[in-house]
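Participant: Attaching a single structure in structure tokens format; questions to follow.
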Amino acid sequence: MNNISADIQLAIPEIFVFSMACVILLVDRFTHERMPKVSFLLTQATLLIGFYLSLVATPTADSVKAFNDMFVLDGMATLVKLTIFFLTFVVLIYSQGYITERKMYRGEYFVLILIAVVGMMVMSSASHFITIYIGLELLSLSLYTLVAMNRHSDMATEAAMKYFVLGALASGMLLYGMSIIYGATGSLDVGSIRNAIQGMQSDEVMLIMGVIFILVGIAFKLGVVPFHMWIPDVYQGAPTSVVLFIGTAPKVAAFAFIMRLLVDGFQALAVSWSDMLIIFAVLSMGLGNILAIAQTNLKRMLAYSTISHMGYFILGILTANPNGYSASLFYIIIYSFTTLAAFGLIIMMSSAGFEAEEISDYKGLNKRHPWFAFLIAMVMFSMAGIPPTVGFFAKLSVIQALVDVDKYWLAVIAVLFAVIGAYYYLRVVKTLYFDKPETSEPISANIGMQFVLSINVIALLLIMPWIGVIMDICSDAISKMG
Amino acid sequence: MFEANQLSVAIWLPIIGAIAVLATGNDQRAGLARVLALLVSIVTFLVTLLLYTGFDKASAKLQYIEDTPWISALNINYSLGIDGIALLLILLTSFITIIVIISAWKVIREKVAQYMAAFLIMEGLMIGVFSATDAILFYVFWEAMLIPMFLIIGIWGGPNRIYATIKFFLYTLLGSLLMLVALVYLYFAGNGSFALADLYTIKLTLAEQIWIFLAFFMAFAVKIPMFPVHTWLPDAHVEAPTGGSVVLAAIMLKMGAYGFIRFNLPITPDASHTLSGFIIALSLIAIVYIAMVALAQTDMKKLIAYSSISHMGFVTLGLFVFNKMAIEGAVIQMISHGFISGAMFLCVGVLYDRMHTRKMSDYGGVANTMPKFAAFMMLFAMANAGLPGTSGFVGEFLVILGVFQVNVWYAIIAGTTLVLGAAYTLWMYKRVIFGAINNKNVETLNDITNREGLYLLILTITVLVMGLWPAPFLDVIHTSVDRVLALSSVTKL
């Protein structure tokens with residue numbers, strides 16, 4: 001506690017990224033007209049160096065606390081941060097062309113993304129309600145602004161307004177829940193709360209009330225039913241490059257956020273929150289998958305598919321044991337990389353003035369560009385969880401976690417909804433391969449981006465032999481939690 | 001190197017070959033794609049033939065074993081190994097793939113490389129299904145196969161192909177996912193392993209066994225397909241291109257039966273005995289009722305599709321009477337039906353390529369213009385009806401003999417198919433081949449080309465050899481069938 005430099009050492013990645021965000025904001029003033037690339041390159045360099053710093057900032061023990069126990073660095077935090085850096089790095093590569101064409105290539109764009117990254121890093125390392133909340137708000141406020149970035153678009157503005165109003169409401173709920181917990185336990189520190197709860201009746205009404213409000217906050221941020229209303233509008237309305245970001249890195253951060261709150265803090269109340277999560281999970285898988293069938297807009301369809309995937313994701317957490325947590329972590333990492341490819345492909349297909357958003361825009365793509373059609377098809381099969389794509393192993397890991405705790409019926413419900421889900425993914429494949437193309441215009445895309453995207457998608461297939469390694473990394477990270 | 005990984009070579013060679021075929025690009029280099037695909041399929045067939053020659057017929061153990069750790073977190077291994085039953089099915093797979101590639105030579109003109117590659121990928125995956133000895137590995141191959149089949153029916157299929165292919169996909173997916181839940185249950189009920197050999201030793205209560213049996217049943221019954229979950233098959237067959245129909249009928253349907261042999265019988269032996277009455281009843285319904293349905297068809301492909309369901313009823317009947325002769329008959333029936341149904345679909349394909357109709361009423365008198373074809377089809381029709389001397393007879397006869405020892409009435413009911421089968425096949429043959437020429441187009445038909453003659457001849461020889469001298473086929477399965485029977489008669493309660 002006295003050794004402040006040791007504390008700072010643990011938080012160097014966060015401090016570095018945040019400082020760089022400020023530097024880029026300043027530098028951009030001078031370079032954005034003549035050398036707009038500078039901000040982009042600086043941001044990418046920041047992410048790479050941040051990745052490296054997080055990698056070497058390994059604590060001496062499995063879990064080390066700092067700053068009066070407000071900050072914790074453990075295996076889970078490191079893995080989540082590394083994933084976030086990597087995802088954001090790829091997101092920016094994919095978005096480059098898109099934001100240039102749509103005149104969003106501004107320093108603010110990169111600064112906001114970096115600040116969101118800092119927010120996510122704080123979330124994954126927070127062990128105090130105040131730090132958790134600060135991290136969450138850093139992320140959310142940046143995202144609201146990013147959604148509204150394309151200010152000439154009515155849809156984007158509407159989406160941003162909805163997102164902001166509902167998000168603020170959810171933050172309020174979360175704060176309210178935290179204040180109730182503070183009232184019940186007299187502490188805001190996650191560790192002290194855990195100790196305080198152990199000495200209390202687990203069915204204490206006040207505690208349960210607090211947990212309910214906190215869960216509502218979490219459910220909103222994740223976008224699970226019945227707190228999912230913002231997802232379709234934001235996914236459809238926001239610039240695709242921003243959706244690409246929202247759909248990937250923050251989902252991984254959300255995992256850390258849930259682990260810190262529910263597992264670190266309220267493990268003793270697992271019986272209560274586990275049942276609540278079951279309701280969220282079943283409703284999300286059901287509603288998400290069924291409503292996705294009715295969509296004609298690809299981005300909106302993927303939005304509903306996200307809702308259903310969040311349902312599968314919390315299946316692991318609700319088992320309330322380490323096996324389930326690592327299954328969920330594995331699921332969310334696989335999901336983020338699949339989503340990365342999905343929205344990356346949408347971005348690649350769209351060009352200035354053409355958004356490639358309707359499913360019918362993809363008619364007969366196999367005739368026009370077989371390789372792109374193949375890439376999209378693989379992403380769809382991965383989302384549907386059909387082997388040999390990685391999506392299958394993600395589903396397998398949450399199903400085994402459920403069966404491990406004897407929740408057979410939930411496992412059966414999950415697979416039944418997966419069959420319903422397969423239908424709308426197949427429909428996209430059908431559009432690509434079986435329908436006749438409406439135009440025969442050749443598709444041009446940036447070669448560099450094609451290359452990175454191809455690697456991204458092929459990895460979803462070829463990672464197969466090493467899939468066990470990723471699972472091991474996940475369970476290792478969970479076992480090293482504070 | 002090759003000796004130790006022979007099965008892996010058989011699985012991955014066609015898949016890697018498929019990538020090479022795809023790399024030939026668009027239809028301008030279609031010729032190259034065809035030749036390359038044929039070469040890959042022939043080499044694969046030779047590799048599987050070596051499996052046969054090197055196989056130790058006397059041993060009941062799994063052979064050509066490979067075992068590499070894959071996903072250590074869940075103790076999943078890349079483990080392969082085959083017994084005689086799997087060996088025959090693998091041979092069937094690589095053999096039929098060659099025929100399919102030859103048959104598509106001139107017929108498929110669009111996206112040739114993709115078509116050939118899809119079949120090669122399927123070949124690899126199907127060999128994988130037959131050789132996997134880890135349940136999850138089996139499952140991965142099993143489900144991955146849906147993707148190429150989905151595309152084959154959807155891209156090169158008939159007018160109603162989208163409905164048919166989505167129905168096919170979702171039907172199979174539903175069944176398989178329930179099997180996955182059952183497998184995961186077994187993983188935790190046992191000692192944390194997905195290896196089939198370990199699953200065979202888990203003690204389970206009867207209630208558990210029945211649930212697991214039903215979950216497996218959902219997966220395999222859909223694939224076979226058994227009455228009443230057979231409705232996807234006529235749709236899929238009618239819409240699929242000829243090659244797709246051949247692979248569906250000749251190999252994919254066998255996977256369901258293979259699943260029963262590998263999973264239901266040894267893992268849930270008590271439930272298998274308890275529920276055998278139920279399975280036998282469904283099989284008899286399939287044999288008799290579906291044969292009657294076949295009688296009422298006007299579409300040739302539909303008729304053969306229903307005939308397949310009826311013939312597969314023999315396989316499930318043979319498996320669930322727990323009699324050595326019947327099980328051997330079932331296995332032989334699987335192989336023989338692979339050849340015969342494949343040949344029948346190819347015959348329909350030959351006609352369809354010329355006339356672009358599958359309706360029997362559009363034909364009549366084909367024998368006048370296509371005498372060579374009429375002769376070939378005659379033989380296959382007879383084999384389909386189970387004429388002695390053809391392979392169709394051996395399997396059905398063995399099953400009926402085996403069933404006779406268990407229950408006379410079952411055998412009598414099953415025996416009616418010899419009449420019904422002959423009725424629908426010969427009636428179809430009569431309406432299409434004989435009679436007066438009603439349709440002007442029939443008058444201008446050309447007889448089969450050398451290419452068509454070649455693959456029909458190869459199939460003819462196979463059907464006759466298997467009918468007259470079934471020993472090479474039976475020899476390799478004796479000990480394997482003994483092992484299946486032994487595993488299925490040990491109680492696990």
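FYI, nothing fancy with the structure tokens labels: chains A, B, ... in order, residues from 1 per chain, ligands from 1 as they appear.
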Considering only C-alpha atoms, return as a PyMOL selection string whatever protein or nucleic-acid residues lie within 12 Å of Leu244 of chain A, sequence-local ones (same chain, fewer than 2 positions apart) excluded.

Facilitator: chain A and resi 87-96+98+113+143+146-147+234-236+238-242+246-251+299+302-303+306+336-348

Participant: Export, as a CSV table (one decimal), in the first residue's frame, the selected residues with N, CA and C atoms.

Facilitator:
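Everything below was put into out13.csv:
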chain,number,residue,atom,x,y,z
A,87,LEU,N,-8.3,-7.4,-30.7
A,87,LEU,CA,-9.6,-7.1,-31.5
A,87,LEU,C,-9.6,-5.7,-32.0
A,88,THR,N,-9.3,-4.7,-31.1
A,88,THR,CA,-9.4,-3.3,-31.5
A,88,THR,C,-8.4,-3.0,-32.7
A,89,PHE,N,-7.2,-3.6,-32.6
A,89,PHE,CA,-6.2,-3.5,-33.6
A,89,PHE,C,-6.8,-3.9,-35.0
A,90,VAL,N,-7.4,-5.1,-35.0
A,90,VAL,CA,-8.0,-5.6,-36.3
A,90,VAL,C,-9.2,-4.7,-36.7
A,91,VAL,N,-10.0,-4.3,-35.7
A,91,VAL,CA,-11.2,-3.5,-36.0
A,91,VAL,C,-10.7,-2.3,-36.8
A,92,LEU,N,-9.7,-1.6,-36.3
A,92,LEU,CA,-9.2,-0.4,-37.0
A,92,LEU,C,-8.7,-0.7,-38.4
A,93,ILE,N,-8.0,-1.8,-38.6
A,93,ILE,CA,-7.6,-2.2,-39.9
A,93,ILE,C,-8.8,-2.3,-40.8
A,94,TYR,N,-9.9,-3.0,-40.4
A,94,TYR,CA,-11.1,-3.2,-41.2
A,94,TYR,C,-11.8,-1.9,-41.4
A,95,SER,N,-11.8,-0.9,-40.4
A,95,SER,CA,-12.6,0.3,-40.6
A,95,SER,C,-11.9,1.3,-41.4
A,96,GLN,N,-10.6,1.2,-41.6
A,96,GLN,CA,-9.9,2.3,-42.3
A,96,GLN,C,-10.6,2.8,-43.6
A,98,TYR,N,-13.6,2.3,-44.7
A,98,TYR,CA,-15.0,2.7,-44.5
A,98,TYR,C,-15.0,4.1,-44.0
A,113,ILE,N,-12.0,5.7,-29.5
A,113,ILE,CA,-11.7,4.3,-29.4
A,113,ILE,C,-10.7,3.9,-28.4
A,143,LEU,N,-18.7,5.1,-26.6
A,143,LEU,CA,-19.5,4.4,-27.6
A,143,LEU,C,-20.7,5.2,-28.0
A,146,LEU,N,-19.4,7.6,-30.5
A,146,LEU,CA,-19.0,6.9,-31.8
A,146,LEU,C,-20.2,6.6,-32.6
A,147,VAL,N,-21.3,6.1,-32.0
A,147,VAL,CA,-22.5,5.8,-32.7
A,147,VAL,C,-23.0,7.0,-33.5
A,234,VAL,N,-29.2,0.1,-32.7
A,234,VAL,CA,-27.8,0.6,-32.8
A,234,VAL,C,-27.1,-0.2,-33.9
A,235,TYR,N,-27.3,-1.5,-34.0
A,235,TYR,CA,-26.6,-2.2,-35.0
A,235,TYR,C,-26.9,-1.8,-36.4
A,236,GLN,N,-28.2,-1.5,-36.6
A,236,GLN,CA,-28.6,-1.1,-37.9
A,236,GLN,C,-28.2,0.4,-38.2
A,238,ALA,N,-26.0,2.6,-36.6
A,238,ALA,CA,-24.6,3.1,-36.4
A,238,ALA,C,-23.8,2.7,-37.6
A,239,PRO,N,-22.7,3.5,-37.8
A,239,PRO,CA,-21.8,3.2,-38.9
A,239,PRO,C,-21.3,1.8,-38.7
A,240,THR,N,-21.1,1.0,-39.8
A,240,THR,CA,-20.7,-0.4,-39.6
A,240,THR,C,-19.4,-0.5,-38.9
A,241,SER,N,-18.5,0.4,-39.1
A,241,SER,CA,-17.2,0.3,-38.5
A,241,SER,C,-17.4,0.4,-36.9
A,242,VAL,N,-18.3,1.2,-36.5
A,242,VAL,CA,-18.6,1.3,-35.1
A,242,VAL,C,-19.2,0.1,-34.5
A,246,ILE,N,-18.3,-2.2,-31.4
A,246,ILE,CA,-19.3,-2.5,-30.3
A,246,ILE,C,-19.5,-4.0,-30.2
A,247,GLY,N,-19.5,-4.7,-31.3
A,247,GLY,CA,-19.9,-6.1,-31.3
A,247,GLY,C,-18.8,-7.0,-30.9
A,248,THR,N,-17.5,-6.5,-30.7
A,248,THR,CA,-16.4,-7.4,-30.4
A,248,THR,C,-15.8,-7.1,-29.0
A,249,ALA,N,-14.9,-6.1,-29.0
A,249,ALA,CA,-14.1,-5.9,-27.8
A,249,ALA,C,-15.0,-5.7,-26.5
A,250,PRO,N,-16.0,-4.8,-26.6
A,250,PRO,CA,-16.8,-4.6,-25.3
A,250,PRO,C,-17.5,-5.9,-24.8
A,251,LYS,N,-17.8,-6.9,-25.7
A,251,LYS,CA,-18.4,-8.1,-25.3
A,251,LYS,C,-17.4,-8.9,-24.4
A,299,LYS,N,-27.5,-6.4,-41.1
A,299,LYS,CA,-27.0,-5.9,-39.8
A,299,LYS,C,-28.0,-6.1,-38.7
A,302,LEU,N,-27.9,-9.7,-37.7
A,302,LEU,CA,-26.8,-10.0,-36.9
A,302,LEU,C,-27.0,-9.5,-35.5
A,303,ALA,N,-27.8,-8.4,-35.4
A,303,ALA,CA,-28.1,-7.8,-34.1
A,303,ALA,C,-28.9,-8.8,-33.2
A,306,THR,N,-26.8,-11.6,-32.2
A,306,THR,CA,-26.0,-11.2,-31.1
A,306,THR,C,-26.8,-11.5,-29.8
A,336,SER,N,-16.4,-13.2,-30.5
A,336,SER,CA,-15.9,-11.9,-30.9
A,336,SER,C,-15.1,-12.0,-32.3
A,337,PHE,N,-14.3,-13.1,-32.4
A,337,PHE,CA,-13.6,-13.2,-33.6
A,337,PHE,C,-14.5,-13.6,-34.8
A,338,THR,N,-15.6,-14.3,-34.5
A,338,THR,CA,-16.5,-14.6,-35.6
A,338,THR,C,-17.2,-13.3,-36.0
A,339,THR,N,-17.7,-12.5,-35.0
A,339,THR,CA,-18.3,-11.2,-35.3
A,339,THR,C,-17.4,-10.3,-36.1
A,340,LEU,N,-16.2,-10.3,-35.6
A,340,LEU,CA,-15.2,-9.5,-36.3
A,340,LEU,C,-15.1,-9.8,-37.8
A,341,ALA,N,-15.1,-11.1,-38.1
A,341,ALA,CA,-15.1,-11.4,-39.5
A,341,ALA,C,-16.4,-11.0,-40.2
A,342,ALA,N,-17.6,-11.2,-39.5
A,342,ALA,CA,-18.9,-11.0,-40.1
A,342,ALA,C,-19.0,-9.5,-40.5
A,343,PHE,N,-18.7,-8.6,-39.5
A,343,PHE,CA,-18.9,-7.2,-39.9
A,343,PHE,C,-17.8,-6.7,-40.7
A,344,GLY,N,-16.6,-7.3,-40.6
A,344,GLY,CA,-15.5,-7.0,-41.5
A,344,GLY,C,-15.9,-7.3,-42.9
A,345,LEU,N,-16.6,-8.4,-43.2
A,345,LEU,CA,-17.0,-8.7,-44.5
A,345,LEU,C,-18.1,-7.7,-45.0
A,346,ILE,N,-19.0,-7.3,-44.1
A,346,ILE,CA,-20.0,-6.4,-44.5
A,346,ILE,C,-19.3,-5.1,-44.9
A,347,ILE,N,-18.3,-4.7,-44.1
A,347,ILE,CA,-17.6,-3.4,-44.5
A,347,ILE,C,-16.9,-3.6,-45.8
A,348,MET,N,-16.3,-4.7,-46.0
A,348,MET,CA,-15.6,-4.9,-47.3
A,348,MET,C,-16.5,-4.9,-48.5

Participant: For chain A against chain B, with a cut-off of 9 Å and counting only C-alpha atoms, what is the closest atom pair and its distance in Å to one decimal for every residue that makes the cut, ordered by chain and number, as JSON lines?

Facilitator:
{"residue": "A:Lys367", "atom": "CA", "partner": "B:Lys111", "partner_atom": "CA", "distance": 8.9}
{"residue": "A:Phe381", "atom": "CA", "partner": "B:Ile147", "partner_atom": "CA", "distance": 8.4}
{"residue": "A:Ile386", "atom": "CA", "partner": "B:Glu143", "partner_atom": "CA", "distance": 6.6}
{"residue": "A:Pro387", "atom": "CA", "partner": "B:Ala144", "partner_atom": "CA", "distance": 5.1}
{"residue": "A:Pro388", "atom": "CA", "partner": "B:Ala144", "partner_atom": "CA", "distance": 5.6}
{"residue": "A:Thr389", "atom": "CA", "partner": "B:Ala144", "partner_atom": "CA", "distance": 8.6}
{"residue": "A:Phe392", "atom": "CA", "partner": "B:Val140", "partner_atom": "CA", "distance": 8.6}
{"residue": "A:Leu396", "atom": "CA", "partner": "B:Leu180", "partner_atom": "CA", "distance": 8.2}
{"residue": "A:Ser397", "atom": "CA", "partner": "B:Leu74", "partner_atom": "CA", "distance": 8.6}
{"residue": "A:Ile399", "atom": "CA", "partner": "B:Val181", "partner_atom": "CA", "distance": 7.2}
{"residue": "A:Gln400", "atom": "CA", "partner": "B:Val184", "partner_atom": "CA", "distance": 5.8}
{"residue": "A:Val403", "atom": "CA", "partner": "B:Tyr185", "partner_atom": "CA", "distance": 6.2}
{"residue": "A:Asp404", "atom": "CA", "partner": "B:Phe188", "partner_atom": "CA", "distance": 6.5}
{"residue": "A:Asp406", "atom": "CA", "partner": "B:Tyr185", "partner_atom": "CA", "distance": 8.7}
{"residue": "A:Tyr408", "atom": "CA", "partner": "B:Val181", "partner_atom": "CA", "distance": 8.0}
{"residue": "A:Ala411", "atom": "CA", "partner": "B:Val181", "partner_atom": "CA", "distance": 6.9}
{"residue": "A:Val412", "atom": "CA", "partner": "B:Leu178", "partner_atom": "CA", "distance": 7.0}
{"residue": "A:Val415", "atom": "CA", "partner": "B:Leu177", "partner_atom": "CA", "distance": 6.1}
{"residue": "A:Leu416", "atom": "CA", "partner": "B:Leu174", "partner_atom": "CA", "distance": 7.0}
{"residue": "A:Ala418", "atom": "CA", "partner": "B:Leu174", "partner_atom": "CA", "distance": 8.6}
{"residue": "A:Val419", "atom": "CA", "partner": "B:Leu174", "partner_atom": "CA", "distance": 5.9}
{"residue": "A:Ile420", "atom": "CA", "partner": "B:Leu170", "partner_atom": "CA", "distance": 8.2}
{"residue": "A:Ala422", "atom": "CA", "partner": "B:Leu170", "partner_atom": "CA", "distance": 7.4}
{"residue": "A:Tyr423", "atom": "CA", "partner": "B:Leu170", "partner_atom": "CA", "distance": 7.2}
{"residue": "A:Leu426", "atom": "CA", "partner": "B:Ile166", "partner_atom": "CA", "distance": 7.5}
{"residue": "A:Arg427", "atom": "CA", "partner": "B:Ile166", "partner_atom": "CA", "distance": 8.4}
{"residue": "A:Val429", "atom": "CA", "partner": "B:Leu151", "partner_atom": "CA", "distance": 8.8}
{"residue": "A:Lys430", "atom": "CA", "partner": "B:Gly154", "partner_atom": "CA", "distance": 7.4}
{"residue": "A:Tyr433", "atom": "CA", "partner": "B:Ile155", "partner_atom": "CA", "distance": 6.5}
{"residue": "A:Phe434", "atom": "CA", "partner": "B:Ile155", "partner_atom": "CA", "distance": 5.3}
{"residue": "A:Asp435", "atom": "CA", "partner": "B:Ile155", "partner_atom": "CA", "distance": 8.7}
{"residue": "A:Met464", "atom": "CA", "partner": "B:Trp70", "partner_atom": "CA", "distance": 8.9}
{"residue": "A:Pro465", "atom": "CA", "partner": "B:Trp70", "partner_atom": "CA", "distance": 6.5}
{"residue": "A:Trp466", "atom": "CA", "partner": "B:Trp70", "partner_atom": "CA", "distance": 7.4}
{"residue": "A:Ile467", "atom": "CA", "partner": "B:Ile71", "partner_atom": "CA", "distance": 6.6}
{"residue": "A:Gly468", "atom": "CA", "partner": "B:Ile71", "partner_atom": "CA", "distance": 3.9}
{"residue": "A:Val469", "atom": "CA", "partner": "B:Ile71", "partner_atom": "CA", "distance": 7.2}
{"residue": "A:Met471", "atom": "CA", "partner": "B:Ala73", "partner_atom": "CA", "distance": 6.4}
{"residue": "A:Asp472", "atom": "CA", "partner": "B:Ala73", "partner_atom": "CA", "distance": 6.0}
{"residue": "A:Ser475", "atom": "CA", "partner": "B:Ala73", "partner_atom": "CA", "distance": 8.3}

Participant: How about saving the chosen residues, N, CA and C atoms kept, as a CSV table (one decimal), in the first residue's frame?

Facilitator:
chain,number,residue,atom,x,y,z
A,367,LYS,N,-21.5,-16.4,-57.8
A,367,LYS,CA,-21.3,-16.2,-59.2
A,367,LYS,C,-20.3,-15.0,-59.4
A,381,PHE,N,-21.7,-20.4,-41.0
A,381,PHE,CA,-21.7,-21.7,-40.4
A,381,PHE,C,-21.1,-21.7,-39.0
A,386,ILE,N,-21.9,-25.0,-36.6
A,386,ILE,CA,-21.7,-26.3,-37.3
A,386,ILE,C,-20.2,-26.6,-37.4
A,387,PRO,N,-19.8,-27.8,-37.0
A,387,PRO,CA,-18.4,-28.2,-37.2
A,387,PRO,C,-18.2,-28.2,-38.7
A,388,PRO,N,-17.0,-28.1,-39.2
A,388,PRO,CA,-15.7,-28.0,-38.4
A,388,PRO,C,-15.3,-26.5,-38.0
A,389,THR,N,-16.3,-25.6,-38.0
A,389,THR,CA,-15.9,-24.2,-37.6
A,389,THR,C,-15.8,-24.1,-36.1
A,392,PHE,N,-18.8,-24.3,-33.4
A,392,PHE,CA,-19.2,-25.6,-32.8
A,392,PHE,C,-18.6,-25.8,-31.4
A,396,LEU,N,-20.2,-26.4,-27.8
A,396,LEU,CA,-19.9,-27.6,-27.1
A,396,LEU,C,-19.4,-27.2,-25.7
A,397,SER,N,-18.6,-26.2,-25.6
A,397,SER,CA,-18.0,-25.9,-24.2
A,397,SER,C,-19.1,-25.4,-23.3
A,399,ILE,N,-22.3,-26.2,-23.5
A,399,ILE,CA,-23.2,-27.4,-23.2
A,399,ILE,C,-22.6,-28.3,-22.2
A,400,GLN,N,-21.3,-28.6,-22.4
A,400,GLN,CA,-20.7,-29.5,-21.4
A,400,GLN,C,-20.7,-28.8,-20.0
A,403,VAL,N,-24.2,-29.5,-18.6
A,403,VAL,CA,-24.5,-30.9,-18.2
A,403,VAL,C,-23.7,-31.2,-17.0
A,404,ASP,N,-22.5,-30.6,-16.8
A,404,ASP,CA,-21.7,-30.8,-15.7
A,404,ASP,C,-22.4,-30.5,-14.4
A,406,ASP,N,-25.7,-30.7,-14.1
A,406,ASP,CA,-27.0,-31.4,-14.2
A,406,ASP,C,-28.1,-30.5,-14.7
A,408,TYR,N,-29.7,-30.5,-17.5
A,408,TYR,CA,-29.9,-31.1,-18.8
A,408,TYR,C,-31.0,-30.4,-19.7
A,411,ALA,N,-29.7,-27.5,-21.4
A,411,ALA,CA,-28.9,-27.9,-22.5
A,411,ALA,C,-29.7,-28.3,-23.7
A,412,VAL,N,-30.8,-29.0,-23.5
A,412,VAL,CA,-31.7,-29.4,-24.6
A,412,VAL,C,-32.4,-28.2,-25.2
A,415,VAL,N,-29.9,-26.4,-27.4
A,415,VAL,CA,-29.6,-27.0,-28.7
A,415,VAL,C,-30.9,-26.8,-29.6
A,416,LEU,N,-32.1,-26.9,-29.0
A,416,LEU,CA,-33.3,-26.7,-29.9
A,416,LEU,C,-33.3,-25.3,-30.5
A,418,ALA,N,-30.7,-23.6,-31.1
A,418,ALA,CA,-29.6,-23.6,-32.1
A,418,ALA,C,-30.1,-24.0,-33.4
A,419,VAL,N,-31.0,-25.0,-33.4
A,419,VAL,CA,-31.6,-25.5,-34.7
A,419,VAL,C,-32.4,-24.4,-35.4
A,420,ILE,N,-33.2,-23.7,-34.5
A,420,ILE,CA,-34.0,-22.5,-35.1
A,420,ILE,C,-33.0,-21.5,-35.6
A,422,ALA,N,-30.0,-22.0,-36.8
A,422,ALA,CA,-29.4,-22.4,-38.0
A,422,ALA,C,-30.1,-22.0,-39.2
A,423,TYR,N,-31.5,-21.9,-39.1
A,423,TYR,CA,-32.3,-21.6,-40.2
A,423,TYR,C,-31.9,-20.2,-40.9
A,426,LEU,N,-28.5,-20.2,-42.5
A,426,LEU,CA,-28.6,-21.0,-43.7
A,426,LEU,C,-29.2,-20.1,-44.8
A,427,ARG,N,-30.2,-19.3,-44.4
A,427,ARG,CA,-30.9,-18.5,-45.4
A,427,ARG,C,-29.9,-17.5,-46.1
A,429,VAL,N,-26.7,-18.2,-46.5
A,429,VAL,CA,-25.9,-19.0,-47.4
A,429,VAL,C,-26.7,-19.3,-48.6
A,430,LYS,N,-28.0,-19.5,-48.4
A,430,LYS,CA,-28.9,-19.8,-49.6
A,430,LYS,C,-28.8,-18.6,-50.5
A,433,TYR,N,-25.5,-18.6,-52.4
A,433,TYR,CA,-25.1,-19.7,-53.3
A,433,TYR,C,-26.3,-20.0,-54.3
A,434,PHE,N,-27.5,-20.0,-53.8
A,434,PHE,CA,-28.6,-20.6,-54.6
A,434,PHE,C,-29.3,-19.5,-55.5
A,435,ASP,N,-29.3,-18.3,-55.0
A,435,ASP,CA,-30.1,-17.2,-55.8
A,435,ASP,C,-29.3,-16.7,-57.0
A,464,MET,N,-8.7,-25.3,-35.7
A,464,MET,CA,-9.2,-26.6,-35.2
A,464,MET,C,-8.2,-27.4,-34.4
A,465,PRO,N,-7.1,-27.8,-35.0
A,465,PRO,CA,-6.1,-28.6,-34.3
A,465,PRO,C,-5.6,-28.0,-33.0
A,466,TRP,N,-5.7,-26.7,-32.9
A,466,TRP,CA,-5.1,-26.0,-31.7
A,466,TRP,C,-6.2,-25.5,-30.8
A,467,ILE,N,-7.5,-25.9,-31.0
A,467,ILE,CA,-8.6,-25.3,-30.3
A,467,ILE,C,-8.4,-25.6,-28.8
A,468,GLY,N,-7.8,-26.8,-28.5
A,468,GLY,CA,-7.6,-27.2,-27.1
A,468,GLY,C,-6.7,-26.2,-26.4
A,469,VAL,N,-5.7,-25.6,-27.1
A,469,VAL,CA,-4.8,-24.7,-26.5
A,469,VAL,C,-5.6,-23.5,-26.0
A,471,MET,N,-8.7,-23.3,-25.2
A,471,MET,CA,-9.5,-23.7,-24.0
A,471,MET,C,-8.7,-23.7,-22.8
A,472,ASP,N,-7.4,-24.3,-22.9
A,472,ASP,CA,-6.5,-24.3,-21.8
A,472,ASP,C,-6.2,-22.9,-21.3
A,475,SER,N,-9.1,-21.6,-19.3
A,475,SER,CA,-9.4,-22.2,-17.9
A,475,SER,C,-8.2,-21.8,-17.0

Participant: Have a look at atom CA of Leu199 of chain B and atom CA of Leu7 of chain B and let me know their distance in Å, one decimal.

Facilitator: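 Separating atom CA of Leu199 of chain B from atom CA of Leu7 of chain B is a distance of 22.2 Å.
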
Participant: Within 8 Å of Gly84 of chain B, counting only C-alpha atoms, which residues qualify if same-chain residues fewer than 6 places away don't, as a ChimeraX atom specification?

Facilitator: /B:57,476-480

Participant: Between B:Ser94, B:His237, B:Ala10, B:Thr205, which is the closest to Gly128 of chain B once you count only C-alpha atoms?

Facilitator: B:Ala10
